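The structure under discussion appears below in the form of structure tokens.
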Amino acid sequence: MTLEILLRTENDRLVQKYFARLDLKEADPSTLSVASVVPNWGKYRHQINQRYTPRALADQYIESIKTLHGYFQDTVRHKWTSEDLLQKLLLARFSYASPAAYQLKKPVFVKEKPGDQEFTVVANYNNNYGIYVSLPEDFTLGDIKRYGIHELGHLMHHLDAPENYRASDATIKETMALLIEVEQGMNLIYKKDTPHWRAQQLLIKANRKKLRGKDFAEKWNTLTKFKKQKDLEDYINGKLIIFPEEP
Ligand SMILES: [Zn+2]
């Protein structure tokens with residue numbers, strides 16, 4: 001498969017360039033490797049910071065895919081083989097974008113609640129098996145990988161529980177995408193009064209109460225039963241009981 005990057009030319013036109021070809025020897029994510037990269041970015045090269053080499057970007061992508069595959073293998077085992085899961089992850093379109101190109105590509109976000117704060121969007125899942133990750137000047141490669149993992153989390157929510165994904169509010173969607181980073185013990189700072197901040201608070205609280213001691217698959221499957229933030233909150237606080245806990 002190939003990885004692509006979106007670039008903006010002088011006259012505001014988006015240019016799509018393939019920058020790396022990946023190779024998979026067996027149906028096993030550990031055999032996923034970079035087969036070749038475009039050695040020369042030519043006239044487009046100046047649009048992204050020099051730390052974002054084709055090789056470095058391809059490596060971040062591969063690491064993100066391995067992380068997701070590792071977390072979800074058990075979660076989807078009842079319906080997909082390890083190979084099915086890998087194919088689904090690899091088939092999703094994944095694009096990096098120069099900061100300027102991302103400005104033209106990024107979605108317009110509607111506030112979930114009237115009092116919500118504005119926040120800068122640097123990556124998104126497009127609800128149609130496509131992910132875009134911007135490459136800001138001041139980000140590290142670790143940040144880029146983290147955003148890739150987050151957006152792949154949205155993709156997995158869509159792939160694994162499409163009806164729940166479509167019906168879920170913004171906070172629930174972020175709860176699903178943030179689950180991996182919370183599992184990894186990352187304590188990232190999100191702007192207060194945003195879906196991400198609410199999702200993080202809910203997960204921290206859930207891990208102390210209802211989800212305590214459960215493995216990733218159990219947590220994920222429990223969370224996919226909720227479509228509304230209020231219901232998840234009530235469940236965590238013991239005010240709402242869901243199947244199969246019902247007497
Ligand atoms: Zn998100």
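Order determines the names: the first chain of the structure tokens is A, the second B, and so forth; residues in each chain are numbered 1 upward, and ligands are numbered 1 upward as they are shown.
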
Find the residues near A:Arg55: any atom within 8 Å, counting only C-alpha atoms, skip ones fewer than 6 places away on the same chain, and give them as a PyMOL selection string. chain A and resi 20+34+37

Could you dump the residues just selected with C-alpha atoms as a tab-separated table (two decimals), in the first residue's frame?
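What landed in selection-v4.tsv:
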chain	number	residue	atom	x	y	z
A	20	ALA	CA	6.02	5.85	0.72
A	34	VAL	CA	8.62	0.57	4.50
A	37	VAL	CA	10.10	6.21	-0.01

Apply DSSP to the backbone of this structure and, from stretch 62-196 of chain A, keep only the residues in helix (DSSP H, G or I); write these as a PyMOL selection string. chain A and resi 62-72+82-91+99-105+141-160+162-167+170-183+195-196

Identify which of the residues A:Ile242, A:Asp169, A:Leu179, A:Lys79 lies closest to A:Gln229, counting only C-alpha atoms when measuring atom-to-atom distances.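 Answer, going by the shortest atom-to-atom distance: A:Asp169.
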
Could you give me the residues within chain A that DSSP places in strand (DSSP E or B), as a PyMOL selection string? chain A and resi 2-8+14-24+32-37+93-97+123-125+130-134

Show me, as CSV, the residues of stretch 150-219 of chain A having an atom within 9 Å of stretch 94-113 of chain A, each with the closest atom pair and its distance in Å, using only C-alpha atoms.
residue,atom,partner,partner_atom,distance
A:Asp169,CA,A:Glu112,CA,8.1
A:Ala170,CA,A:Glu112,CA,6.6
A:Thr171,CA,A:Glu112,CA,8.1
A:Asp193,CA,A:Lys113,CA,8.4
A:Thr194,CA,A:Glu112,CA,7.8
A:Pro195,CA,A:Glu112,CA,7.2

Output file for the residues above (C-alpha atoms, as a PDB file, in the first residue's frame):
ATOM      1  CA  ASP A 169     -22.781  12.425  20.407  1.00  0.00           C
ATOM      2  CA  ALA A 170     -19.401  14.156  20.140  1.00  0.00           C
ATOM      3  CA  THR A 171     -18.359  13.382  23.725  1.00  0.00           C
ATOM      4  CA  ASP A 193     -15.283  22.453  28.033  1.00  0.00           C
ATOM      5  CA  THR A 194     -14.579  20.494  24.866  1.00  0.00           C
ATOM      6  CA  PRO A 195     -15.771  16.976  23.938  1.00  0.00           C
TER       7      PRO A 195
END

Distance in Å - atom CA of A:Glu218 versus atom CA of A:Asp74: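 Atom-to-atom, atom CA of A:Glu218 and atom CA of A:Asp74 are spaced 9.7 Å apart.
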